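Data block below; observations after.
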Amino acid sequence: MRIRFGFSLQSWLLILGFASICHCASRLLGNASLLPDHNSVEFHQEFPVDNATSKFGSDVVSINASVRLLIKVQTNKSSERKNDPHSPLDTHSGHQPSNVSDVSRGRIGDSNVTQSNASGEQKTPIQPDLSYSANQQGADASPKHEHDRIFPEESSESSSGNRTEQRGPGGSAANRSKEAAESGEAHPTSQANCSNITADESVQLLVDFSTTVLENEHIVVFDSYYSENARHNFVKAALGVTSAHRWQILPRDNILSSHPSDFDVIRISSDYQDAVENLEGHPCVKRVTPHKKLTRSLKFVSDEDGEGQDVSEDGQEGGEPCGDGTDQPCDMQKFQTMRGKDRRSLSLGAAFWHSPVRHKGRKLMRSASSAQITSALQAEALWDMGFSGVGVKVAIFDTGLAEDHPHFKKGRIKDRTNWTNEKTLDDGLGHGTFVAGVISSYRECLGFAPDADLYIFRVFTNKQVSYTSWFLDAFNYAIMKKINILNLSIGGPDFMDQPFVDKVWELTANKVILVSAIGNDGPLYGTLNNPADQMDVIGVGGINFDNQIAKFSSRGMTTWELPRGYGRVKPDIVTYGSSVRGSALRGGCRTLSGTSVASPVVAGAVTLLMSTMANHPNIVNPASMKQALMSSARRLPDTNMFEQGQGKLDLVKAYQMLREYKPQVTLHPSYIDLTECPYMWPYCSQPIYYGGMPTIVNVTILNGMGVTGKFRDKLLWEPFTPQFGGYLEVALQYSQTVWPWSGYLAVSISVAKHGANWEGIAQGQITLTIESPPEEGETEPRLSTVKLPIKAKIIPTPPRNKRLLWDQYHNLRYPPGYFPRDNLRMKNDPLDWNGDHIHTNFKDLYLHLRSAGYFIEVLGAPYTCFDATQYGVLLLVDPEEEYFPEEVTKLKRDIDNGLSIIVFADWFNVTVMKKIKFFDENTRQWWMPDTGGANIPALNELLSPWNMAFGDGVFEGDFKIGSHDMYYASGTSIVRFPKDGLLVVENLKDQGYEVDSGVSVTAANVPVLGIYQTQAPVREDNTTVPSGRIVLYGDSNCLDGSHMQKDCFWLLDALLEYTIHGNVPPILEERKSSLTLAAELELPERMEGNHLYRFSKVLGNHPAGSQSRVLPVCPHLVWAQSHPLNHSAPVIQNVETL
């Protein structure tokens, strides 16, 4: 098919500018007839049309002799991924387009999209290819080589890829890097000496990233791709011409500056408070989010086992607390962390290679194996068949690559683009070179696909800085170039960086197979990084050459779904990421470790695999490739699914799977066996019983049939009668639309009432069918039916005194807000981002309680939603959330009727909170905490019926209780407690005073622990019932695996013995203090101007935050109708292990 066009470029651009404005006007007026009709447009330029589509507006198209037409049918706000507040998927992972029909019409980049004109004729969208021609941009923009793109060429005053004047609030975003350089504040690696690199040197370093929000700068995301003039008109319409002096659109001087875009970067004066709201109210604006700056940081790694250790820049763990008595903020300006604020490189190794003095006093990693990484995965088997990556386009988003690097075949580096503010395309750090070498080197340290076409995207400067807007533009260019595979060796916990997440969805919707590192924050659980934690992305973890999970490799579960639901399984697969050899900066080889190394190993393998399917290009897509990798992976023994996903990459078996592949739907995990340990941990660690909180398993759906799909008919729950499946009850929640290439199925498993006293194994299965639109040449929709086996161990309901309830609902984590760490000594880990779940950073505590015979259930709803008569103790650990008034009343009634609570709090001090705000030295901007380590003012309101309260002191220190060594890490103190209760006091360092003044002092008789037997009110018939007990302890760090130095599990055991049985531990009775607390001591108040209301499930959405929202309705599960099967359950096929 060919299309002929008859307008000149200038005429077409005029039409487009008018059309884009008309399109937005049509949305305001509800008049679809204003949309342009592309069937009536002709050009003299001819080019073929295929089935691929891109997310470019059908009414906003830029064309010249070298630029092909891009079409994206309009995405309405109503078709964004929606957030079901009661979905077990909760926040973002449950977002889906509103319906399949919208997607199948091309609103979200379906690769098989068709359009219909008024007469009903089908129009095939045009492929998203923009072939850039330098001679169309003027002589000044011409690169030295045809495939090299350096932007900007003129100005060195460019950040965010922008050139702008010095006007508007906060100074020019474009001059940040220049200002930093002129200030004399050199970056740790800015003086790197590249000449010091030697071949085969083995230097292991962590390369991490932190992110700061650029105050007053926002990314305005539009609902389609518009010309620059149209976008600016929309902003003017929203903000007003008369207010032009209060806002400024920052220009982006890069390769896409002359083409339509779906976003702008805007700086808004701090006194224009309604600007964001006005922008969000414009019908063509999809969302407005803060602009972010990314900064790289480097650290050495211990060589104990060839894996990562979290150490500070000076090689010491921990450090002095924040604050030194001056006006300087806490020592966070240059914090360096494995668990930093946002996106960072996930590799070990980089610019410290260039500076020998950095190596002094450091341990180096042990030497790498001499074996090639390609040999370890048997790439030679595919090479011998004649496959080497030919015809596959691979994008590498990193620090650049030298055109003449000796490890790459001549002509294989097809395109180099620079999206930074530096006038170079080369790699000044070595990281991008290493990644490219693992994928495509053809000599010395070999890569997997030496004949692949490399597209190098330089998105980080030599000063290791990037911006969200740089990534967005670079992602758009990758779509235009029809990239097949994209390696992204950065990541971070910010899965709420919505423009970034949206663009990742768009990439995969356009058939880009995105491979990303899962993170270097292991062995702690709940440390997955985005975008590797997204369903449509191949998330890669790391192992060593002994086939053991690398210590540094991040573990699941995903935390998007918390607190209401449960996380998904990630990583997807694992491969070698420890002591891997790859290309050094100027030739020779280097050895690196990290999931950033594992990611290009998989990307290289995927490139090689894709080249084997050259004769079947329609088979390969992000889902089918992921299915082939996961179904062929070899399971690691003694390792659970949140560590290894489906298992270790098996390249040869993946090739066999891909060659035999038929478009289909698969599930991950492919079965639910709550009895299989250790793979199904933590599900297998606790049987289920009647009356317990439902066990939630989130299953990822991969749809290899097409980018979009939907559930056909109802899902069937089919219990196997011979295997007692009738004792199981199942509730199902799922994504209304499977897009892009993926969706979710949330399975809630419980026990039927008639199984309250039964014990045994019960089995059943869920049957579901997915439908996708027909591909080209097909007339019928594609269908795939899949079965999900379920197996569970059921026991009689345990007694109340063995059942503990973990309050997850009142735990908040980053993102979206700045919730600071609980231990102020840990300056290198500023955020509380691991979910505070019993299966993430409290995993060790969970294992301890299970070994003690307790059953732990998780509460993901307000206190009004659980039956307190079923539980012995409610555990409140490190809560940051507010409480509904109804919750305070309900808890008082529950405790009066026998429920006990144990509270482990944390520090709260407004002065300290102001001290630990983040400071960006380039922008001179601050980021303020939304609460302390715990929300003490809210806790005090909850405890007020018993005249109990915590204070705003911050204390730390070592002490002993009996023979037990204790460490109090930035804890609070008890300032109100009933006189007939038992208090334990200690002499501790006043850390809050030290933070504020820089002077270390000791505080005597600090109340750290209190236990109390409440007195139940007398009933009308003059009888009483046994009431509950309350325990307060001022520090949760001794339970939290994030920064634990000394655990206090023994103390929790003693406190459980007291709250459940009323036995006061003798070791505490001996420490009972006669201290009298001051009755009139002023209690801590919430920090004025805090933004907790923005993230709270309780507070109303207004700055005052004094009023709570309406109490939400308790989650109500609809149990699936049972369709019993009177035959035995099929045997679950064993997965091949190493």
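Each chain in the structure tokens gets a letter, A, B and so on, in the order shown; residues start at 1 in every chain, and ligands are counted from 1 in the order they appear.
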
_Give me, as a list of chain:residue names, all polymer residues having an atom no more than 10 Å from His291 (chain A), counting only C-alpha atoms and skipping those fewer than 6 positions away in the same chain._
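The residues satisfying every condition are A:Ser160, A:Thr212, A:Val213, A:Leu214, A:Glu215, A:Asn216, A:Glu217, A:His218, A:Ile219, A:Val220, A:Val265, A:Ile266, A:Arg267, A:Tyr467, A:Thr468, A:Ser469, A:Asp497, A:Pro499.
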
*Close residues, region 630-644 of chain A itself excluded, 9 Å, only C-alpha atoms, min 3 positions apart in chain, as a PyMOL selection string*: chain A and resi 523+525+540-543+547-549+553-557+568-574+625-627+647-657+668-669+677-682+1135-1138

Using only C-alpha atoms, please write the residues we just selected to a file, as a PDB file, in the first residue's frame.
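Listed below is the output, again-v7.pdb:
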ATOM      1  CA  PRO A 523      19.351  -8.759  50.005  1.00  0.00           C
ATOM      2  CA  TYR A 525      13.026  -7.547  50.219  1.00  0.00           C
ATOM      3  CA  VAL A 540      16.386  -8.828  35.345  1.00  0.00           C
ATOM      4  CA  GLY A 541      18.025  -9.919  38.583  1.00  0.00           C
ATOM      5  CA  GLY A 542      21.626 -11.033  39.086  1.00  0.00           C
ATOM      6  CA  ILE A 543      23.350 -14.293  40.010  1.00  0.00           C
ATOM      7  CA  ASN A 547      24.283 -20.028  40.251  1.00  0.00           C
ATOM      8  CA  GLN A 548      23.425 -18.293  43.504  1.00  0.00           C
ATOM      9  CA  ILE A 549      21.349 -15.131  43.765  1.00  0.00           C
ATOM     10  CA  SER A 553      20.238  -8.240  43.544  1.00  0.00           C
ATOM     11  CA  SER A 554      16.964  -6.608  44.628  1.00  0.00           C
ATOM     12  CA  ARG A 555      14.136  -8.797  45.823  1.00  0.00           C
ATOM     13  CA  GLY A 556      10.364  -8.602  45.418  1.00  0.00           C
ATOM     14  CA  MET A 557       7.564  -8.126  46.032  1.00  0.00           C
ATOM     15  CA  ARG A 568       3.448  -9.017  42.169  1.00  0.00           C
ATOM     16  CA  VAL A 569       6.280 -11.442  41.485  1.00  0.00           C
ATOM     17  CA  LYS A 570       9.476  -9.843  40.219  1.00  0.00           C
ATOM     18  CA  PRO A 571      12.176 -10.185  38.924  1.00  0.00           C
ATOM     19  CA  ASP A 572      11.073 -12.018  35.777  1.00  0.00           C
ATOM     20  CA  ILE A 573      14.355 -13.893  35.250  1.00  0.00           C
ATOM     21  CA  VAL A 574      17.913 -13.819  36.547  1.00  0.00           C
ATOM     22  CA  MET A 625       9.847 -12.767  23.917  1.00  0.00           C
ATOM     23  CA  LYS A 626       9.196 -12.547  27.633  1.00  0.00           C
ATOM     24  CA  GLN A 627       7.158 -15.763  27.478  1.00  0.00           C
ATOM     25  CA  GLY A 647      14.687 -18.761  37.142  1.00  0.00           C
ATOM     26  CA  LYS A 648      17.989 -18.515  35.283  1.00  0.00           C
ATOM     27  CA  LEU A 649      18.154 -17.524  31.619  1.00  0.00           C
ATOM     28  CA  ASP A 650      18.662 -20.517  29.302  1.00  0.00           C
ATOM     29  CA  LEU A 651      19.546 -19.079  25.896  1.00  0.00           C
ATOM     30  CA  VAL A 652      19.488 -22.290  23.870  1.00  0.00           C
ATOM     31  CA  LYS A 653      16.199 -23.491  25.341  1.00  0.00           C
ATOM     32  CA  ALA A 654      14.682 -20.040  24.813  1.00  0.00           C
ATOM     33  CA  TYR A 655      15.654 -20.323  21.151  1.00  0.00           C
ATOM     34  CA  GLN A 656      13.871 -23.654  20.919  1.00  0.00           C
ATOM     35  CA  MET A 657      10.793 -22.228  22.598  1.00  0.00           C
ATOM     36  CA  HIS A 668       3.237 -15.740  35.898  1.00  0.00           C
ATOM     37  CA  PRO A 669       3.335 -17.575  38.192  1.00  0.00           C
ATOM     38  CA  CYS A 677       8.528 -24.320  49.712  1.00  0.00           C
ATOM     39  CA  PRO A 678      10.798 -22.540  49.288  1.00  0.00           C
ATOM     40  CA  TYR A 679       9.795 -21.410  45.782  1.00  0.00           C
ATOM     41  CA  MET A 680       6.335 -20.173  46.807  1.00  0.00           C
ATOM     42  CA  TRP A 681       7.576 -18.333  49.916  1.00  0.00           C
ATOM     43  CA  PRO A 682       5.978 -16.607  51.800  1.00  0.00           C
ATOM     44  CA  VAL A1135       9.826 -27.033  36.437  1.00  0.00           C
ATOM     45  CA  GLU A1136      13.322 -27.993  35.344  1.00  0.00           C
ATOM     46  CA  THR A1137      15.919 -27.003  37.902  1.00  0.00           C
ATOM     47  CA  LEU A1138      19.674 -26.702  37.803  1.00  0.00           C
TER      48      LEU A1138
END

*Which residue, A:Phe448, A:Phe1095, A:Tyr1058, A:Phe950, has the smallest gap to Glu1082 (chain A) when you use only C-alpha atoms?*
A:Phe950

*Rank nothing, just name the residue among A:Ile916, A:Leu1077, A:Val877, A:Val288 nearest to Gly951 (chain A), using only C-alpha atoms.*
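When distances to Gly951 (chain A) are compared using only C-alpha atoms, the smallest one comes from A:Leu1077.
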
_According to DSSP computed on the backbone, where in region 1014-1127 of chain A is there strand (DSSP E)? Give the residues as a list in words._
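Going through region 1014-1127 of chain A, the strand (DSSP E) residues come out as Arg1029, Ile1030, Val1031, Leu1032 and Tyr1033 of chain A.
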
*Long-range neighbours of Lys662 (chain A) as a VMD selection string, 10 Å cut-off, only C-alpha atoms, 3 positions minimum in chain*: chain A and resid 619 624 657 to 659 665 704 to 705

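Between CA of Tyr846 (chain A) and CA of Pro694 (chain A) lies a distance of 17.5 Å.
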
*Hey, can you check how far CA of Gln808 (chain A) sits from CA of Gly835 (chain A)?*
8.8 Å

*asked:* List the spatial neighbours of Glu1057 (chain A) as a PyMOL selection string - criterion: any atom at most 12 Å away, only C-alpha atoms, same-chain residues fewer than 3 positions off excluded.
replied: chain A and resi 801-802+852+854+872-873+900+902+1011+1029+1031+1050-1054+1060-1066

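Take the candidates A:Phe866, A:Phe475, A:Tyr272, A:Phe977 and check each one against Gly691 (chain A) using only C-alpha atoms; the shortest distance goes to A:Phe866.
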
*Please identify all polymer residues within 7 Å of Val747 (chain A), counting only C-alpha atoms, omitting same-chain residues fewer than 6 positions from it, and present them as a list in words.*
Ile696, Val697, Asn698, Val730, Ala731, Leu732 and Gln733 of chain A

How would the residues just chosen look if you wrote them out with N, CA and C atoms as a PDB file, in the first residue's frame?
ATOM      1  N   ILE A 696      -3.797 -13.197  49.152  1.00  0.00           N
ATOM      2  CA  ILE A 696      -3.870 -12.573  47.832  1.00  0.00           C
ATOM      3  C   ILE A 696      -2.641 -12.943  47.021  1.00  0.00           C
ATOM      4  N   VAL A 697      -2.861 -13.508  45.855  1.00  0.00           N
ATOM      5  CA  VAL A 697      -1.776 -13.810  44.927  1.00  0.00           C
ATOM      6  C   VAL A 697      -2.042 -13.027  43.645  1.00  0.00           C
ATOM      7  N   ASN A 698      -1.115 -12.153  43.294  1.00  0.00           N
ATOM      8  CA  ASN A 698      -1.258 -11.365  42.076  1.00  0.00           C
ATOM      9  C   ASN A 698      -0.519 -12.048  40.938  1.00  0.00           C
ATOM     10  N   VAL A 730     -12.783 -18.649  46.351  1.00  0.00           N
ATOM     11  CA  VAL A 730     -11.894 -17.832  45.541  1.00  0.00           C
ATOM     12  C   VAL A 730     -12.641 -16.588  45.062  1.00  0.00           C
ATOM     13  N   ALA A 731     -12.017 -15.423  45.197  1.00  0.00           N
ATOM     14  CA  ALA A 731     -12.529 -14.174  44.628  1.00  0.00           C
ATOM     15  C   ALA A 731     -11.527 -13.684  43.601  1.00  0.00           C
ATOM     16  N   LEU A 732     -12.029 -13.157  42.490  1.00  0.00           N
ATOM     17  CA  LEU A 732     -11.174 -12.787  41.364  1.00  0.00           C
ATOM     18  C   LEU A 732     -11.378 -11.324  40.996  1.00  0.00           C
ATOM     19  N   GLN A 733     -10.294 -10.618  40.865  1.00  0.00           N
ATOM     20  CA  GLN A 733     -10.296  -9.258  40.331  1.00  0.00           C
ATOM     21  C   GLN A 733      -9.248  -9.202  39.238  1.00  0.00           C
TER      22      GLN A 733
END

*Kindly indicate which residue among A:Ser944, A:Thr575, A:Asn1005, A:Thr675 lies nearest to Leu983 (chain A), using only C-alpha atoms for the distances.*
A:Asn1005

_Pick from A:Gly743, A:Gly692, A:Pro493, A:Pro774 nearest to Thr527 (chain A), counting only C-alpha atoms_ = A:Pro493

*Compare A:Arg581, A:Lys481, A:Lys960, A:Lys714 by their minimum atom-to-atom distance to Asn987 (chain A), counting only C-alpha atoms, and give me the closest one.*
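Looking only at the distances to Asn987 (chain A), the closest residue turns out to be A:Lys960.
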
*So how many Å separate CA of Ala938 (chain A) and CA of Glu881 (chain A), to one decimal?*
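Computing it gives 7.5 Å between the two atoms.
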
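Once Met1087 (chain A) and its same-chain neighbours fewer than 2 positions away are set aside, A:Phe908, A:Asn909, A:Val910, A:Thr911, A:Met913, A:Lys914, A:Pro929, A:Asp930, A:Thr931, A:Gly932, A:Pro937, A:Pro1084, A:Glu1085, A:Gly1089, A:Asn1090, A:His1091, A:Leu1092 remain within 10 Å of it when counting only C-alpha atoms.
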
Keeping only all heavy atoms, write those residues as a compact mmCIF listing (two decimals), in the first residue's frame.
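File result_9.txt, as written:
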# COMPACT_ATOMS: atom_id res chain seq x y z
N PHE A 908 9.87 11.67 65.98
CA PHE A 908 9.12 12.75 65.35
C PHE A 908 9.56 14.04 66.01
O PHE A 908 9.41 14.22 67.22
CB PHE A 908 7.61 12.56 65.52
CG PHE A 908 6.78 13.64 64.86
CD1 PHE A 908 6.25 13.45 63.60
CD2 PHE A 908 6.54 14.84 65.51
CE1 PHE A 908 5.50 14.44 62.99
CE2 PHE A 908 5.79 15.84 64.92
CZ PHE A 908 5.27 15.64 63.64
N ASN A 909 10.13 14.95 65.22
CA ASN A 909 10.58 16.23 65.74
C ASN A 909 10.63 17.22 64.58
O ASN A 909 11.33 16.99 63.60
CB ASN A 909 11.96 16.09 66.40
CG ASN A 909 12.45 17.38 67.01
OD1 ASN A 909 12.90 18.26 66.30
ND2 ASN A 909 12.36 17.49 68.33
N VAL A 910 9.86 18.29 64.70
CA VAL A 910 9.74 19.24 63.59
C VAL A 910 11.08 19.88 63.27
O VAL A 910 11.43 20.07 62.10
CB VAL A 910 8.68 20.32 63.93
CG1 VAL A 910 8.70 21.43 62.89
CG2 VAL A 910 7.30 19.69 64.01
N THR A 911 11.88 20.20 64.28
CA THR A 911 13.19 20.80 64.02
C THR A 911 14.09 19.86 63.25
O THR A 911 14.77 20.25 62.30
CB THR A 911 13.85 21.19 65.35
OG1 THR A 911 13.02 22.11 66.06
CG2 THR A 911 15.22 21.83 65.10
N MET A 913 13.05 17.41 61.33
CA MET A 913 12.47 17.28 60.00
C MET A 913 12.93 18.40 59.09
O MET A 913 13.23 18.18 57.90
CB MET A 913 10.94 17.25 60.10
CG MET A 913 10.39 15.98 60.75
SD MET A 913 8.67 16.13 61.28
CE MET A 913 7.85 16.37 59.72
N LYS A 914 13.01 19.59 59.63
CA LYS A 914 13.49 20.72 58.82
C LYS A 914 14.98 20.59 58.52
O LYS A 914 15.45 21.05 57.48
CB LYS A 914 13.20 22.03 59.54
CG LYS A 914 11.71 22.36 59.63
CD LYS A 914 11.47 23.66 60.38
CE LYS A 914 9.98 23.98 60.44
NZ LYS A 914 9.71 25.24 61.18
N PRO A 929 10.34 16.78 54.52
CA PRO A 929 9.62 15.56 54.90
C PRO A 929 8.15 15.84 55.17
O PRO A 929 7.77 16.94 55.58
CB PRO A 929 10.34 15.12 56.18
CG PRO A 929 11.64 15.83 56.17
CD PRO A 929 11.42 17.11 55.45
N ASP A 930 7.31 14.84 54.97
CA ASP A 930 5.88 14.97 55.22
C ASP A 930 5.50 14.54 56.63
O ASP A 930 4.43 14.88 57.11
CB ASP A 930 5.10 14.16 54.19
CG ASP A 930 5.29 14.69 52.78
OD1 ASP A 930 5.03 15.89 52.56
OD2 ASP A 930 5.73 13.93 51.91
N THR A 931 6.38 13.79 57.28
CA THR A 931 6.20 13.43 58.68
C THR A 931 7.56 12.97 59.18
O THR A 931 8.55 13.02 58.45
CB THR A 931 5.14 12.33 58.84
OG1 THR A 931 4.93 12.09 60.25
CG2 THR A 931 5.57 11.04 58.18
N GLY A 932 7.64 12.53 60.44
CA GLY A 932 8.89 12.01 60.95
C GLY A 932 9.02 10.53 60.64
O GLY A 932 8.38 10.00 59.72
N PRO A 937 1.99 12.65 66.25
CA PRO A 937 0.74 13.35 66.60
C PRO A 937 -0.50 12.49 66.35
O PRO A 937 -1.44 12.49 67.15
CB PRO A 937 0.76 14.58 65.69
CG PRO A 937 2.21 14.85 65.47
CD PRO A 937 2.83 13.49 65.37
N PRO A 1084 3.77 16.84 70.87
CA PRO A 1084 4.20 17.25 69.52
C PRO A 1084 3.01 17.60 68.64
O PRO A 1084 1.93 17.00 68.74
CB PRO A 1084 4.92 16.01 68.98
CG PRO A 1084 5.23 15.18 70.16
CD PRO A 1084 4.18 15.46 71.18
N GLU A 1085 3.22 18.60 67.79
CA GLU A 1085 2.20 19.00 66.83
C GLU A 1085 2.72 18.77 65.42
O GLU A 1085 3.93 18.75 65.17
CB GLU A 1085 1.83 20.48 67.02
CG GLU A 1085 1.18 20.77 68.36
CD GLU A 1085 0.74 22.22 68.48
OE1 GLU A 1085 1.00 22.99 67.52
OE2 GLU A 1085 0.15 22.58 69.51
N GLY A 1089 2.49 23.45 57.31
CA GLY A 1089 2.80 23.46 55.89
C GLY A 1089 3.18 22.11 55.32
O GLY A 1089 3.62 22.04 54.16
N ASN A 1090 3.02 21.03 56.08
CA ASN A 1090 3.38 19.72 55.54
C ASN A 1090 2.38 19.32 54.45
O ASN A 1090 1.26 19.82 54.38
CB ASN A 1090 3.43 18.66 56.65
CG ASN A 1090 2.06 18.23 57.11
OD1 ASN A 1090 1.41 17.40 56.48
ND2 ASN A 1090 1.61 18.80 58.24
N HIS A 1091 2.81 18.39 53.60
CA HIS A 1091 2.01 17.97 52.45
C HIS A 1091 1.44 16.56 52.60
O HIS A 1091 1.13 15.91 51.62
CB HIS A 1091 2.86 18.03 51.18
CG HIS A 1091 3.28 19.41 50.82
ND1 HIS A 1091 4.43 19.68 50.10
CD2 HIS A 1091 2.72 20.62 51.10
CE1 HIS A 1091 4.56 20.99 49.94
NE2 HIS A 1091 3.54 21.58 50.54
N LEU A 1092 1.31 16.11 53.84
CA LEU A 1092 0.82 14.75 54.05
C LEU A 1092 -0.57 14.54 53.45
O LEU A 1092 -0.90 13.45 52.99
CB LEU A 1092 0.81 14.43 55.55
CG LEU A 1092 0.40 13.00 55.93
CD1 LEU A 1092 1.38 11.99 55.34
CD2 LEU A 1092 0.31 12.85 57.45

Within 6 Å of Gly957 (chain A), counting only C-alpha atoms, which residues qualify if same-chain residues fewer than 5 places away don't, as a PDB file with N, CA, C and O atoms, in the first residue's frame?
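And here's around.pdb as it stands now:
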ATOM      1  N   TYR A 967      19.956  -1.644  71.155  1.00  0.00           N
ATOM      2  CA  TYR A 967      20.379  -0.381  70.530  1.00  0.00           C
ATOM      3  C   TYR A 967      19.129   0.397  70.165  1.00  0.00           C
ATOM      4  O   TYR A 967      18.257  -0.099  69.455  1.00  0.00           O
ATOM      5  N   TYR A 968      19.054   1.599  70.697  1.00  0.00           N
ATOM      6  CA  TYR A 968      17.922   2.499  70.437  1.00  0.00           C
ATOM      7  C   TYR A 968      18.349   3.436  69.314  1.00  0.00           C
ATOM      8  O   TYR A 968      19.227   4.273  69.488  1.00  0.00           O
ATOM      9  N   LEU A 988      20.162   7.812  77.563  1.00  0.00           N
ATOM     10  CA  LEU A 988      20.441   7.781  76.135  1.00  0.00           C
ATOM     11  C   LEU A 988      20.987   9.107  75.646  1.00  0.00           C
ATOM     12  O   LEU A 988      20.837  10.141  76.320  1.00  0.00           O
ATOM     13  N   LYS A 989      21.611   9.073  74.487  1.00  0.00           N
ATOM     14  CA  LYS A 989      22.087  10.294  73.857  1.00  0.00           C
ATOM     15  C   LYS A 989      20.907  11.059  73.274  1.00  0.00           C
ATOM     16  O   LYS A 989      20.034  10.479  72.622  1.00  0.00           O
TER      17      LYS A 989
END
